[in-house]
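**Q** Input file: work-v5.txt. Contents: compact mmCIF, C-alpha atoms and all ligand atoms.
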```txt
# COMPACT_ATOMS: atom_id res chain seq x y z
CA MET C 2 22.75 -2.50 27.59
CA LEU C 3 19.48 -0.92 28.71
CA THR C 4 19.23 -2.85 31.99
CA GLY C 5 16.82 -1.14 34.39
CA MET C 6 14.98 0.85 31.72
CA GLN C 7 11.21 0.50 31.47
CA ILE C 8 9.88 1.13 27.99
CA ALA C 9 6.34 1.01 26.59
CA VAL C 10 5.88 0.21 22.92
CA LEU C 11 2.44 1.53 21.93
CA GLY C 12 1.08 0.02 18.73
CA GLY C 13 2.71 -0.08 15.33
CA ASP C 14 3.28 -2.44 12.46
CA ALA C 15 5.81 -5.17 11.60
CA ARG C 16 8.66 -2.67 11.93
CA GLN C 17 8.08 -2.50 15.69
CA LEU C 18 8.84 -6.22 16.00
CA GLU C 19 12.49 -5.48 15.24
CA VAL C 20 12.39 -2.68 17.80
CA ILE C 21 10.92 -5.01 20.45
CA ARG C 22 13.51 -7.67 19.62
CA LYS C 23 16.34 -5.17 19.98
CA LEU C 24 15.08 -3.64 23.24
CA THR C 25 14.60 -7.03 24.88
CA GLU C 26 18.05 -8.15 23.67
CA LEU C 27 19.46 -5.05 25.34
CA ASP C 28 17.76 -6.16 28.59
CA ALA C 29 15.18 -3.36 28.89
CA LYS C 30 11.86 -4.16 30.57
CA VAL C 31 9.40 -3.79 27.69
CA TYR C 32 5.61 -3.35 27.86
CA LEU C 33 3.63 -4.00 24.70
CA THR C 34 0.32 -2.21 24.26
CA GLY C 35 -1.73 -2.96 21.16
CA PHE C 36 -0.12 -6.33 20.45
CA GLU C 37 -2.68 -8.87 21.77
CA GLN C 38 -2.91 -10.58 18.38
CA LEU C 39 0.86 -11.02 18.13
CA ALA C 40 1.54 -14.75 18.45
CA HIS C 41 5.28 -14.45 19.07
CA ALA C 42 6.44 -13.98 22.66
CA TYR C 43 9.61 -12.06 23.51
CA THR C 44 11.48 -12.83 26.72
CA GLY C 45 11.52 -9.61 28.73
CA ALA C 46 8.41 -8.16 27.09
CA VAL C 47 4.88 -8.30 28.54
CA LYS C 48 1.58 -7.39 26.89
CA GLU C 49 -0.39 -4.79 28.87
CA SER C 50 -3.42 -2.66 28.17
CA LEU C 51 -2.89 1.11 28.28
CA GLU C 52 -4.74 1.27 31.64
CA ASP C 53 -2.47 -1.36 33.22
CA LEU C 54 0.87 0.15 32.21
CA PRO C 55 3.14 1.27 35.09
CA VAL C 56 2.92 4.83 33.68
CA THR C 57 4.70 6.53 36.58
CA GLU C 58 7.78 4.33 36.05
CA LEU C 59 8.19 4.58 32.28
CA ASP C 60 11.52 5.90 31.00
CA ALA C 61 10.44 5.93 27.37
CA ILE C 62 7.41 5.51 25.13
CA ILE C 63 7.85 4.25 21.58
CA LEU C 64 5.10 5.19 19.16
CA PRO C 65 4.63 3.85 15.63
CA VAL C 66 6.42 5.59 12.78
CA ALA C 67 3.34 7.72 12.06
CA GLY C 68 3.01 8.79 15.74
CA THR C 69 -0.69 9.43 16.37
CA ASN C 70 -3.52 10.73 14.23
CA MET C 71 -5.03 14.16 14.92
CA GLU C 72 -7.25 12.67 17.65
CA GLY C 73 -4.34 10.93 19.39
CA LYS C 74 -5.25 7.49 18.08
CA ILE C 75 -2.33 5.13 17.62
CA GLU C 76 -2.31 2.65 14.75
CA THR C 77 -2.34 -0.94 16.06
CA ILE C 78 -1.88 -3.58 13.36
CA PHE C 79 -1.68 -6.35 15.96
CA SER C 80 -4.79 -5.36 17.91
CA SER C 81 -8.40 -4.47 17.36
CA SER C 82 -8.62 -2.37 20.52
CA GLN C 83 -8.28 1.39 20.45
CA VAL C 84 -5.12 2.99 21.90
CA VAL C 85 -5.26 6.77 22.37
CA LEU C 86 -2.43 8.92 23.68
CA THR C 87 -3.83 11.62 25.96
CA GLU C 88 -2.44 14.52 27.97
CA ASP C 89 -3.52 12.83 31.24
CA PHE C 90 -1.50 9.75 30.33
CA LEU C 91 1.63 11.77 29.56
CA ASN C 92 1.22 13.92 32.68
CA ASN C 93 1.48 10.76 34.77
CA THR C 94 4.82 9.71 33.27
CA PRO C 95 8.06 10.76 35.01
CA GLU C 96 9.51 14.10 33.83
CA HIS C 97 12.44 12.39 32.12
CA CYS C 98 10.17 10.06 30.09
CA THR C 99 10.98 10.56 26.38
CA ILE C 100 8.53 9.93 23.55
CA TYR C 101 9.91 8.49 20.28
CA SER C 102 8.04 8.49 16.98
CA GLY C 103 8.97 8.50 13.30
CA ILE C 104 7.21 11.75 12.47
CA SER C 105 4.88 14.10 14.32
CA ASN C 106 1.76 16.14 13.66
CA ASP C 107 0.18 19.12 15.43
CA TYR C 108 -1.68 16.87 17.89
CA LEU C 109 1.41 14.97 19.04
CA SER C 110 3.71 18.00 19.07
CA GLU C 111 1.21 20.07 21.09
CA LEU C 112 0.45 17.21 23.46
CA THR C 113 4.10 16.54 24.31
CA ALA C 114 4.82 20.27 24.58
CA LYS C 115 1.87 20.77 26.99
CA ALA C 116 2.95 17.81 29.12
CA ASN C 117 6.54 19.10 28.94
CA ARG C 118 7.90 15.77 27.67
CA LYS C 119 10.69 15.43 25.11
CA LEU C 120 9.54 14.21 21.68
CA VAL C 121 12.13 12.66 19.37
CA GLN C 122 11.18 12.36 15.69
CA LEU C 123 13.44 9.65 14.35
CA PHE C 124 12.79 10.47 10.68
CA GLU C 125 14.20 13.96 11.15
CA ARG C 126 17.60 12.44 11.76
CA ASN C 127 19.96 12.34 8.78
CA ASP C 128 21.20 8.84 9.56
CA VAL C 129 17.66 7.39 9.67
CA ALA C 130 16.60 9.29 6.52
CA ILE C 131 19.66 8.11 4.59
CA TYR C 132 19.33 4.47 5.68
CA ASN C 133 15.60 4.63 4.91
CA SER C 134 16.32 5.90 1.42
CA ILE C 135 17.67 2.42 0.58
CA PRO C 136 14.36 0.51 0.88
CA THR C 137 12.57 3.58 -0.52
CA VAL C 138 14.63 3.36 -3.70
CA GLU C 139 13.95 -0.37 -3.98
CA GLY C 140 10.24 0.39 -3.67
CA ALA C 141 10.46 3.09 -6.34
CA ILE C 142 12.24 0.67 -8.69
CA MET C 143 9.55 -1.94 -8.00
CA MET C 144 6.83 0.59 -8.88
CA ALA C 145 8.62 1.71 -12.02
CA ILE C 146 8.82 -1.91 -13.19
CA GLN C 147 5.21 -2.69 -12.25
CA HIS C 148 3.71 0.34 -13.96
CA THR C 149 5.65 0.54 -17.24
CA ASP C 150 6.08 -1.67 -20.28
CA PHE C 151 9.64 -0.48 -21.01
CA THR C 152 12.94 -0.98 -19.23
CA ILE C 153 14.35 1.52 -16.78
CA HIS C 154 17.57 1.11 -18.74
CA GLY C 155 17.58 3.71 -21.49
CA SER C 156 14.50 5.54 -20.22
CA ASN C 157 14.33 9.27 -19.52
CA VAL C 158 14.01 9.73 -15.79
CA ILE C 159 13.54 12.98 -13.91
CA VAL C 160 14.19 13.07 -10.17
CA LEU C 161 12.94 16.11 -8.28
CA GLY C 162 14.95 17.09 -5.20
CA LEU C 163 18.50 16.18 -4.22
CA GLY C 164 17.85 15.60 -0.53
CA ARG C 165 18.50 12.38 1.33
CA THR C 166 15.97 10.39 -0.70
CA GLY C 167 16.42 12.17 -4.03
CA MET C 168 20.16 11.55 -4.12
CA SER C 169 19.73 7.80 -3.57
CA VAL C 170 16.94 7.61 -6.15
CA ALA C 171 18.96 9.50 -8.77
CA ARG C 172 22.08 7.43 -8.19
CA SER C 173 20.23 4.09 -8.36
CA PHE C 174 18.24 4.84 -11.52
CA HIS C 175 21.47 6.08 -13.13
CA ALA C 176 23.18 2.82 -12.14
CA LEU C 177 20.34 0.90 -13.82
CA GLY C 178 21.13 2.68 -17.09
CA ALA C 179 18.43 5.37 -17.13
CA LYS C 180 19.18 8.83 -18.51
CA VAL C 181 18.69 10.80 -15.31
CA LYS C 182 18.02 14.52 -14.98
CA VAL C 183 17.71 15.98 -11.48
CA GLY C 184 15.87 19.17 -10.53
CA ALA C 185 17.03 21.22 -7.54
CA ARG C 186 16.91 24.86 -6.46
CA LYS C 187 20.32 25.34 -4.83
CA THR C 188 23.46 25.96 -6.88
CA GLU C 189 25.40 23.57 -4.61
CA HIS C 190 22.92 20.82 -5.50
CA ILE C 191 23.27 21.66 -9.21
CA ALA C 192 27.04 21.28 -8.79
CA ARG C 193 26.65 17.94 -6.98
CA ILE C 194 24.28 16.61 -9.67
CA SER C 195 26.91 17.45 -12.34
CA GLU C 196 29.62 15.82 -10.23
CA MET C 197 27.49 12.64 -10.09
CA GLY C 198 27.50 12.52 -13.90
CA LEU C 199 23.78 13.42 -14.11
CA THR C 200 22.04 16.29 -15.87
CA PRO C 201 21.04 19.11 -13.53
CA PHE C 202 18.35 21.76 -13.93
CA PHE C 203 16.72 24.34 -11.67
CA THR C 204 13.24 23.36 -10.51
CA SER C 205 12.06 26.84 -11.55
CA GLU C 206 12.67 25.59 -15.13
CA LEU C 207 10.76 22.31 -14.64
CA GLU C 208 8.12 23.09 -17.27
CA LYS C 209 10.85 23.29 -19.95
CA GLU C 210 12.47 19.98 -18.93
CA VAL C 211 9.62 17.48 -19.03
CA ASP C 212 8.77 17.09 -22.72
CA HIS C 213 10.59 13.72 -23.10
CA VAL C 214 10.24 12.30 -19.61
CA ASP C 215 9.23 8.65 -19.20
CA ILE C 216 9.37 8.40 -15.41
CA CYS C 217 9.25 11.35 -13.02
CA ILE C 218 10.08 10.67 -9.38
CA ASN C 219 9.29 13.43 -6.93
CA THR C 220 10.87 13.79 -3.48
CA ILE C 221 10.00 17.46 -2.92
CA PRO C 222 7.28 17.88 -0.25
CA HIS C 223 5.76 20.89 -2.01
CA LYS C 224 3.32 21.28 -4.95
CA ILE C 225 5.91 21.11 -7.73
CA ILE C 226 4.31 19.00 -10.50
CA THR C 227 1.62 21.56 -11.23
CA ALA C 228 -1.01 21.57 -13.96
CA ASN C 229 1.35 23.73 -16.06
CA VAL C 230 4.11 21.15 -15.73
CA LEU C 231 1.74 18.24 -16.41
CA ALA C 232 0.47 19.98 -19.54
CA LYS C 233 4.01 19.74 -21.00
CA MET C 234 4.57 16.05 -20.10
CA PRO C 235 3.92 13.21 -22.54
CA SER C 236 0.80 11.30 -21.51
CA ARG C 237 2.90 8.10 -21.28
CA THR C 238 4.81 9.53 -18.29
CA LEU C 239 4.67 7.63 -15.03
CA ILE C 240 4.86 9.86 -11.95
CA ILE C 241 5.99 8.24 -8.72
CA ASP C 242 5.46 10.75 -5.95
CA LEU C 243 7.50 9.82 -2.89
CA ALA C 244 6.99 13.07 -0.99
CA SER C 245 4.97 12.92 2.22
CA LYS C 246 1.19 13.34 1.94
CA PRO C 247 -0.37 15.07 0.05
CA GLY C 248 2.63 14.73 -2.29
CA GLY C 249 3.91 17.29 -4.78
CA THR C 250 1.66 16.48 -7.74
CA ASP C 251 -1.60 17.94 -8.96
CA PHE C 252 -3.19 14.48 -9.04
CA ARG C 253 -6.56 15.76 -10.22
CA TYR C 254 -5.06 17.34 -13.31
CA ALA C 255 -2.77 14.36 -13.94
CA GLU C 256 -5.83 12.10 -14.06
CA LYS C 257 -7.59 14.52 -16.39
CA ARG C 258 -4.58 14.39 -18.75
CA GLY C 259 -4.42 10.59 -18.57
CA ILE C 260 -1.03 10.62 -16.86
CA LYS C 261 -0.52 7.84 -14.34
CA ALA C 262 0.55 9.52 -11.08
CA ILE C 263 0.97 7.46 -7.94
CA LEU C 264 1.45 8.75 -4.43
CA ALA C 265 3.67 6.13 -2.79
CA PRO C 266 4.12 6.81 0.92
CA GLY C 267 5.75 4.47 3.43
CA LEU C 268 7.66 2.31 0.95
CA PRO C 269 10.27 1.04 3.46
CA GLY C 270 7.53 -0.41 5.65
CA ILE C 271 5.89 -2.02 2.61
CA VAL C 272 8.84 -3.46 0.68
CA ALA C 273 11.25 -4.20 3.53
CA PRO C 274 9.59 -3.99 6.97
CA LYS C 275 12.37 -6.04 8.54
CA THR C 276 15.13 -3.76 7.27
CA ALA C 277 13.06 -0.66 8.02
CA GLY C 278 12.48 -1.98 11.55
CA LYS C 279 16.18 -2.70 12.04
CA ILE C 280 17.05 0.86 11.00
CA LEU C 281 14.72 2.18 13.71
CA ALA C 282 15.78 -0.43 16.26
CA ASN C 283 19.49 0.37 15.91
CA VAL C 284 19.07 4.11 16.29
CA LEU C 285 16.59 3.70 19.17
CA GLY C 286 18.99 1.36 20.98
CA GLN C 287 21.70 4.02 20.72
CA LEU C 288 19.46 6.95 21.75
CA LEU C 289 18.00 5.08 24.75
CA TYR C 290 21.48 4.10 25.89
CA GLU C 291 22.54 7.76 25.74
CA GLU C 292 19.46 8.74 27.81
CA LEU C 293 20.27 6.04 30.36
CA GLU C 294 23.86 7.25 30.69
CA LYS C 295 22.68 10.87 30.99
CA GLY C 296 20.32 9.83 33.80
CA LYS C 297 23.15 8.04 35.63
CA GLY C 298 25.32 11.14 35.23
CA LYS C 299 22.64 13.29 36.89
CA GLN C 300 22.28 10.85 39.82
CA SER C 301 26.01 10.69 40.61
P1 LIG P 1 15.11 16.16 2.38
O1 LIG P 1 16.45 15.57 2.58
O2 LIG P 1 14.70 17.34 3.20
O3 LIG P 1 14.94 16.51 0.82
C1 LIG P 1 13.90 17.27 0.33
C2 LIG P 1 14.41 18.05 -0.86
O4 LIG P 1 13.35 18.84 -1.35
C3 LIG P 1 15.55 18.99 -0.49
O5 LIG P 1 16.61 18.76 -1.35
C4 LIG P 1 14.92 20.37 -0.69
O6 LIG P 1 15.82 21.27 -1.26
C5 LIG P 1 13.86 20.10 -1.70
N1 LIG P 1 12.80 21.11 -1.66
C6 LIG P 1 11.96 21.39 -0.63
N2 LIG P 1 11.09 22.35 -1.00
C7 LIG P 1 11.42 22.69 -2.27
C8 LIG P 1 10.90 23.62 -3.20
N3 LIG P 1 9.87 24.41 -2.87
N4 LIG P 1 11.48 23.71 -4.42
C9 LIG P 1 12.52 22.93 -4.75
N5 LIG P 1 13.06 22.02 -3.91
C10 LIG P 1 12.52 21.92 -2.69
O7 LIG P 1 13.99 15.09 2.62
P2 LIG P 1 14.08 13.52 2.30
O8 LIG P 1 14.48 12.79 3.52
O9 LIG P 1 14.83 13.32 1.05
O10 LIG P 1 12.54 13.20 2.07
C11 LIG P 1 11.87 13.79 0.98
C12 LIG P 1 10.39 13.48 1.06
O11 LIG P 1 10.21 12.09 0.85
C13 LIG P 1 9.76 13.78 2.42
O12 LIG P 1 8.46 14.27 2.20
C14 LIG P 1 9.72 12.44 3.11
O13 LIG P 1 8.69 12.36 4.07
C15 LIG P 1 9.45 11.55 1.93
N6 LIG P 1 9.86 10.16 2.06
C16 LIG P 1 9.00 9.24 1.54
C17 LIG P 1 9.33 7.92 1.56
C18 LIG P 1 8.37 6.96 0.92
O14 LIG P 1 8.41 5.77 1.20
N7 LIG P 1 7.53 7.43 0.02
C19 LIG P 1 10.52 7.47 2.15
C20 LIG P 1 11.38 8.42 2.68
C21 LIG P 1 11.05 9.79 2.62
P3 LIG P 1 16.56 22.42 -0.41
O15 LIG P 1 17.76 21.77 0.20
O16 LIG P 1 16.85 23.41 -1.45
O17 LIG P 1 15.57 22.90 0.64
```
Any chance you could give the structure as structure tokens?

**A**
Amino acid sequence: MLTGMQIAVLGGDARQLEVIRKLTELDAKVYLTGFEQLAHAYTGAVKESLEDLPVTELDAIILPVAGTNMEGKIETIFSSSQVVLTEDFLNNTPEHCTIYSGISNDYLSELTAKANRKLVQLFERNDVAIYNSIPTVEGAIMMAIQHTDFTIHGSNVIVLGLGRTGMSVARSFHALGAKVKVGARKTEHIARISEMGLTPFFTSELEKEVDHVDICINTIPHKIITANVLAKMPSRTLIIDLASKPGGTDFRYAEKRGIKAILAPGLPGIVAPKTAGKILANVLGQLLYEELEKGKGKQS
């Protein structure tokens, strides 16, 4: 239980509703900023403007998955008012107040560092990334179906990267009957791809591997599908780029060649916001409980 904890949830999308539900179930006192248009009421949660939050008493601040933009603005789907995270605001929080977000950027990292507050990026955690790969894969399958006129079964699929997302993508497309080749740069990944019954290749050889590809799914956050690679792909190829913005594809050249290339960020929040929210809610519940216990340990 999180009894006694005071937590501010600042903005966010439908995923935060699962977080709010979980925190109130765990008996935390929850303040919602940027939720005025939310019709549902949660027992134990109150809507407050940023100015009216009990800042000096907050144990934790939960930001949306994206954190803030480069001006500190927080995305608020359930509000039309502007919520901006500033250094003054953070300076007024207690020293132990922890900030949770999905990812960070220079603004948020510098702000929390200057205010000397701990920032936890949930998406850096292996457990969150692996759980998130499940709705991501379902989104990638949805896109493959929507944007092709052939079955995944029997098609030539290339997956780039055997990280937490790439492995789930490769496994699922293989299970659907695609002929899957996976590009990686580490010999241990090449070995794992073979063990999975898939065809491995080194990403340095990508140009030589793409001549028959129907669907290419990228998970490498680095410019990997270059103009040279695109020049060797059939024009029928569908590229689904899952890597974080700006993706790993030369989109300008893909368009020039008539290759459909789609940057598809944030699929879990689009195809399964409830599941994606539960993934975050469960890990947040655990992390906040650990913080609470640590705090009690220091007091005794
Ligand atoms: P990850 O576990 O770190 O995997 C990334 C993979 O890329 C690693 O296997 C890494 O290989 C490889 N890689 C990095 N730079 C490379 C390079 N220059 N050449 C060859 N391989 C390289 O990350 P993840 O959790 O799978 O996430 C992958 C990307 O997808 C991230 O950008 C993430 O933000 C994004 N993502 C998007 C969605 C969505 O909805 N679109 C959902 C989840 C994640 P090494 O081990 O050799 O470094």

**Q** List every residue of chain C that has an atom at most 8 Å from any atom of ligand LIG 1 (chain P), and for each one report the closest atom pair and its distance in Å to one decimal, counting only C-alpha atoms and all ligand atoms, with rows sorted by chain and then by increasing residue number, as a Markdown table.

**A**
```
| residue | atom | partner | partner_atom | distance |
| --- | --- | --- | --- | --- |
| C:Phe124 | CA | P:LIG1 | O8 | 7.7 |
| C:Glu125 | CA | P:LIG1 | O8 | 7.7 |
| C:Asn127 | CA | P:LIG1 | O8 | 7.6 |
| C:Ala130 | CA | P:LIG1 | O8 | 5.1 |
| C:Ile131 | CA | P:LIG1 | O8 | 7.1 |
| C:Asn133 | CA | P:LIG1 | C20 | 6.1 |
| C:Ser134 | CA | P:LIG1 | C20 | 5.7 |
| C:Pro136 | CA | P:LIG1 | O14 | 7.9 |
| C:Thr137 | CA | P:LIG1 | O14 | 5.0 |
| C:Gly140 | CA | P:LIG1 | O14 | 7.5 |
| C:Leu161 | CA | P:LIG1 | N5 | 7.4 |
| C:Gly162 | CA | P:LIG1 | C2 | 4.5 |
| C:Leu163 | CA | P:LIG1 | O5 | 4.3 |
| C:Gly164 | CA | P:LIG1 | O3 | 3.3 |
| C:Arg165 | CA | P:LIG1 | O9 | 3.8 |
| C:Thr166 | CA | P:LIG1 | O9 | 3.6 |
| C:Gly167 | CA | P:LIG1 | O9 | 5.4 |
| C:Met168 | CA | P:LIG1 | O9 | 7.6 |
| C:Gly184 | CA | P:LIG1 | C9 | 7.7 |
| C:Ala185 | CA | P:LIG1 | N5 | 5.4 |
| C:Arg186 | CA | P:LIG1 | C9 | 5.1 |
| C:Lys187 | CA | P:LIG1 | O16 | 5.2 |
| C:His190 | CA | P:LIG1 | O16 | 7.7 |
| C:Thr204 | CA | P:LIG1 | C9 | 5.8 |
| C:Ser205 | CA | P:LIG1 | N4 | 7.8 |
| C:Asn219 | CA | P:LIG1 | O11 | 7.9 |
| C:Thr220 | CA | P:LIG1 | C11 | 4.6 |
| C:Ile221 | CA | P:LIG1 | O4 | 3.9 |
| C:Pro222 | CA | P:LIG1 | O12 | 4.5 |
| C:His223 | CA | P:LIG1 | N3 | 5.5 |
| C:Lys224 | CA | P:LIG1 | N3 | 7.6 |
| C:Ile225 | CA | P:LIG1 | N4 | 7.0 |
| C:Asp242 | CA | P:LIG1 | N7 | 7.1 |
| C:Leu243 | CA | P:LIG1 | N7 | 3.8 |
| C:Ala244 | CA | P:LIG1 | O12 | 3.7 |
| C:Ser245 | CA | P:LIG1 | O12 | 3.7 |
| C:Lys246 | CA | P:LIG1 | O12 | 7.3 |
| C:Gly248 | CA | P:LIG1 | O12 | 7.4 |
| C:Leu264 | CA | P:LIG1 | N7 | 7.6 |
| C:Ala265 | CA | P:LIG1 | N7 | 4.9 |
| C:Pro266 | CA | P:LIG1 | N7 | 3.6 |
| C:Gly267 | CA | P:LIG1 | O14 | 3.7 |
| C:Leu268 | CA | P:LIG1 | O14 | 3.5 |
| C:Pro269 | CA | P:LIG1 | O14 | 5.6 |
| C:Gly270 | CA | P:LIG1 | O14 | 7.7 |
```

**Q** Export, as a PDB file, keeping the file's coordinate frame, the selected residues with C-alpha atoms.

**A**
```
ATOM      1  CA  PHE C 124      12.790  10.470  10.680  1.00  0.00           C
ATOM      2  CA  GLU C 125      14.200  13.960  11.150  1.00  0.00           C
ATOM      3  CA  ASN C 127      19.960  12.340   8.780  1.00  0.00           C
ATOM      4  CA  ALA C 130      16.600   9.290   6.520  1.00  0.00           C
ATOM      5  CA  ILE C 131      19.660   8.110   4.590  1.00  0.00           C
ATOM      6  CA  ASN C 133      15.600   4.630   4.910  1.00  0.00           C
ATOM      7  CA  SER C 134      16.320   5.900   1.420  1.00  0.00           C
ATOM      8  CA  PRO C 136      14.360   0.510   0.880  1.00  0.00           C
ATOM      9  CA  THR C 137      12.570   3.580  -0.520  1.00  0.00           C
ATOM     10  CA  GLY C 140      10.240   0.390  -3.670  1.00  0.00           C
ATOM     11  CA  LEU C 161      12.940  16.110  -8.280  1.00  0.00           C
ATOM     12  CA  GLY C 162      14.950  17.090  -5.200  1.00  0.00           C
ATOM     13  CA  LEU C 163      18.500  16.180  -4.220  1.00  0.00           C
ATOM     14  CA  GLY C 164      17.850  15.600  -0.530  1.00  0.00           C
ATOM     15  CA  ARG C 165      18.500  12.380   1.330  1.00  0.00           C
ATOM     16  CA  THR C 166      15.970  10.390  -0.700  1.00  0.00           C
ATOM     17  CA  GLY C 167      16.420  12.170  -4.030  1.00  0.00           C
ATOM     18  CA  MET C 168      20.160  11.550  -4.120  1.00  0.00           C
ATOM     19  CA  GLY C 184      15.870  19.170 -10.530  1.00  0.00           C
ATOM     20  CA  ALA C 185      17.030  21.220  -7.540  1.00  0.00           C
ATOM     21  CA  ARG C 186      16.910  24.860  -6.460  1.00  0.00           C
ATOM     22  CA  LYS C 187      20.320  25.340  -4.830  1.00  0.00           C
ATOM     23  CA  HIS C 190      22.920  20.820  -5.500  1.00  0.00           C
ATOM     24  CA  THR C 204      13.240  23.360 -10.510  1.00  0.00           C
ATOM     25  CA  SER C 205      12.060  26.840 -11.550  1.00  0.00           C
ATOM     26  CA  ASN C 219       9.290  13.430  -6.930  1.00  0.00           C
ATOM     27  CA  THR C 220      10.870  13.790  -3.480  1.00  0.00           C
ATOM     28  CA  ILE C 221      10.000  17.460  -2.920  1.00  0.00           C
ATOM     29  CA  PRO C 222       7.280  17.880  -0.250  1.00  0.00           C
ATOM     30  CA  HIS C 223       5.760  20.890  -2.010  1.00  0.00           C
ATOM     31  CA  LYS C 224       3.320  21.280  -4.950  1.00  0.00           C
ATOM     32  CA  ILE C 225       5.910  21.110  -7.730  1.00  0.00           C
ATOM     33  CA  ASP C 242       5.460  10.750  -5.950  1.00  0.00           C
ATOM     34  CA  LEU C 243       7.500   9.820  -2.890  1.00  0.00           C
ATOM     35  CA  ALA C 244       6.990  13.070  -0.990  1.00  0.00           C
ATOM     36  CA  SER C 245       4.970  12.920   2.220  1.00  0.00           C
ATOM     37  CA  LYS C 246       1.190  13.340   1.940  1.00  0.00           C
ATOM     38  CA  GLY C 248       2.630  14.730  -2.290  1.00  0.00           C
ATOM     39  CA  LEU C 264       1.450   8.750  -4.430  1.00  0.00           C
ATOM     40  CA  ALA C 265       3.670   6.130  -2.790  1.00  0.00           C
ATOM     41  CA  PRO C 266       4.120   6.810   0.920  1.00  0.00           C
ATOM     42  CA  GLY C 267       5.750   4.470   3.430  1.00  0.00           C
ATOM     43  CA  LEU C 268       7.660   2.310   0.950  1.00  0.00           C
ATOM     44  CA  PRO C 269      10.270   1.040   3.460  1.00  0.00           C
ATOM     45  CA  GLY C 270       7.530  -0.410   5.650  1.00  0.00           C
TER      46      GLY C 270
END
```

**Q** May I ask which of the residues C:Thr200, C:Thr149, C:Thr34, C:Ser173 is the closest one to Ile240 (chain C), counting only C-alpha atoms?

**A** C:Thr149

**Q** Within 12 Å of (23.2, 8.0, 30.0), in the coordinates the file gives, what residues turn up when you count only C-alpha atoms, written out as number ranges by chain?

**A** C: 2-6, 60, 97, 286-301

**Q** Filtering to C-alpha atoms, could you give me those residues as a PDB file, keeping the file's coordinate frame?

**A**
```pdb
ATOM      1  CA  MET C   2      22.750  -2.500  27.590  1.00  0.00           C
ATOM      2  CA  LEU C   3      19.480  -0.920  28.710  1.00  0.00           C
ATOM      3  CA  THR C   4      19.230  -2.850  31.990  1.00  0.00           C
ATOM      4  CA  GLY C   5      16.820  -1.140  34.390  1.00  0.00           C
ATOM      5  CA  MET C   6      14.980   0.850  31.720  1.00  0.00           C
ATOM      6  CA  ASP C  60      11.520   5.900  31.000  1.00  0.00           C
ATOM      7  CA  HIS C  97      12.440  12.390  32.120  1.00  0.00           C
ATOM      8  CA  GLY C 286      18.990   1.360  20.980  1.00  0.00           C
ATOM      9  CA  GLN C 287      21.700   4.020  20.720  1.00  0.00           C
ATOM     10  CA  LEU C 288      19.460   6.950  21.750  1.00  0.00           C
ATOM     11  CA  LEU C 289      18.000   5.080  24.750  1.00  0.00           C
ATOM     12  CA  TYR C 290      21.480   4.100  25.890  1.00  0.00           C
ATOM     13  CA  GLU C 291      22.540   7.760  25.740  1.00  0.00           C
ATOM     14  CA  GLU C 292      19.460   8.740  27.810  1.00  0.00           C
ATOM     15  CA  LEU C 293      20.270   6.040  30.360  1.00  0.00           C
ATOM     16  CA  GLU C 294      23.860   7.250  30.690  1.00  0.00           C
ATOM     17  CA  LYS C 295      22.680  10.870  30.990  1.00  0.00           C
ATOM     18  CA  GLY C 296      20.320   9.830  33.800  1.00  0.00           C
ATOM     19  CA  LYS C 297      23.150   8.040  35.630  1.00  0.00           C
ATOM     20  CA  GLY C 298      25.320  11.140  35.230  1.00  0.00           C
ATOM     21  CA  LYS C 299      22.640  13.290  36.890  1.00  0.00           C
ATOM     22  CA  GLN C 300      22.280  10.850  39.820  1.00  0.00           C
ATOM     23  CA  SER C 301      26.010  10.690  40.610  1.00  0.00           C
TER      24      SER C 301
END
```

**Q** To one decimal in Å, tell me the separation between CA of Ala262 (chain C) and CA of Thr238 (chain C).

**A**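 A separation of 8.4 Å between them.
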
**Q** When distances are computed from all atoms listed in the file, which of C:Thr99, C:Thr227, C:Asn117, C:Gln147 shows the smallest separation from Tyr254 (chain C)?

**A** C:Thr227

**Q** Using Å and a single decimal, report how far CA of Met144 (chain C) sits from CA of Ile241 (chain C).

**A** 7.7 Å

**Q** Every residue with an atom at most 7 Å from (9.3, 1.5, 24.2) (file coordinates; all atoms listed in the file) is what I'm after, so could you write them as an MDAnalysis selection string?

**A** chainID C and resid 8:10 31 61:63

**Q** Find the residues near region 76-83 of chain C: any atom within 6 Å, counting all atoms listed in the file, skip ones fewer than 4 places away on the same chain, and give them as a list in words.

**A**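 Selected residues are Gly12, Gly13, Asp14, Gly35, Phe36, Glu37, Gln38 and Leu39 of chain C.
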
**Q** Nearest residue to Tyr108 (chain C) out of C:Gly73, C:Pro95, C:Pro247, C:Pro65, using all atoms listed in the file?

**A**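 Closest to Tyr108 (chain C) of all the choices is C:Gly73.
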
**Q** Rounded to one decimal place, report the CA of Glu72 (chain C)-CA of Ile100 (chain C) distance in Å.

**A**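 So the answer is 17.1 Å.
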
**Q** Just need the box for region 101-112 of chain C, edges along x, y and z, holding every atom the file lists for it with 5 Å tacked onto each side, so centre and edge lengths in Å to one decimal, as lines of an AutoDock Vina configuration file.

**A**
```
center_x = 4.1
center_y = 14.3
center_z = 18.0
size_x = 21.6
size_y = 21.6
size_z = 21.0
```

**Q** For Val56 (chain C), which residue out of C:Phe90, C:Arg126, C:Lys115, C:Lys74 is the nearest one, using only C-alpha atoms?

**A**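 Residue with the minimum atom-to-atom distance to Val56 (chain C): C:Phe90.
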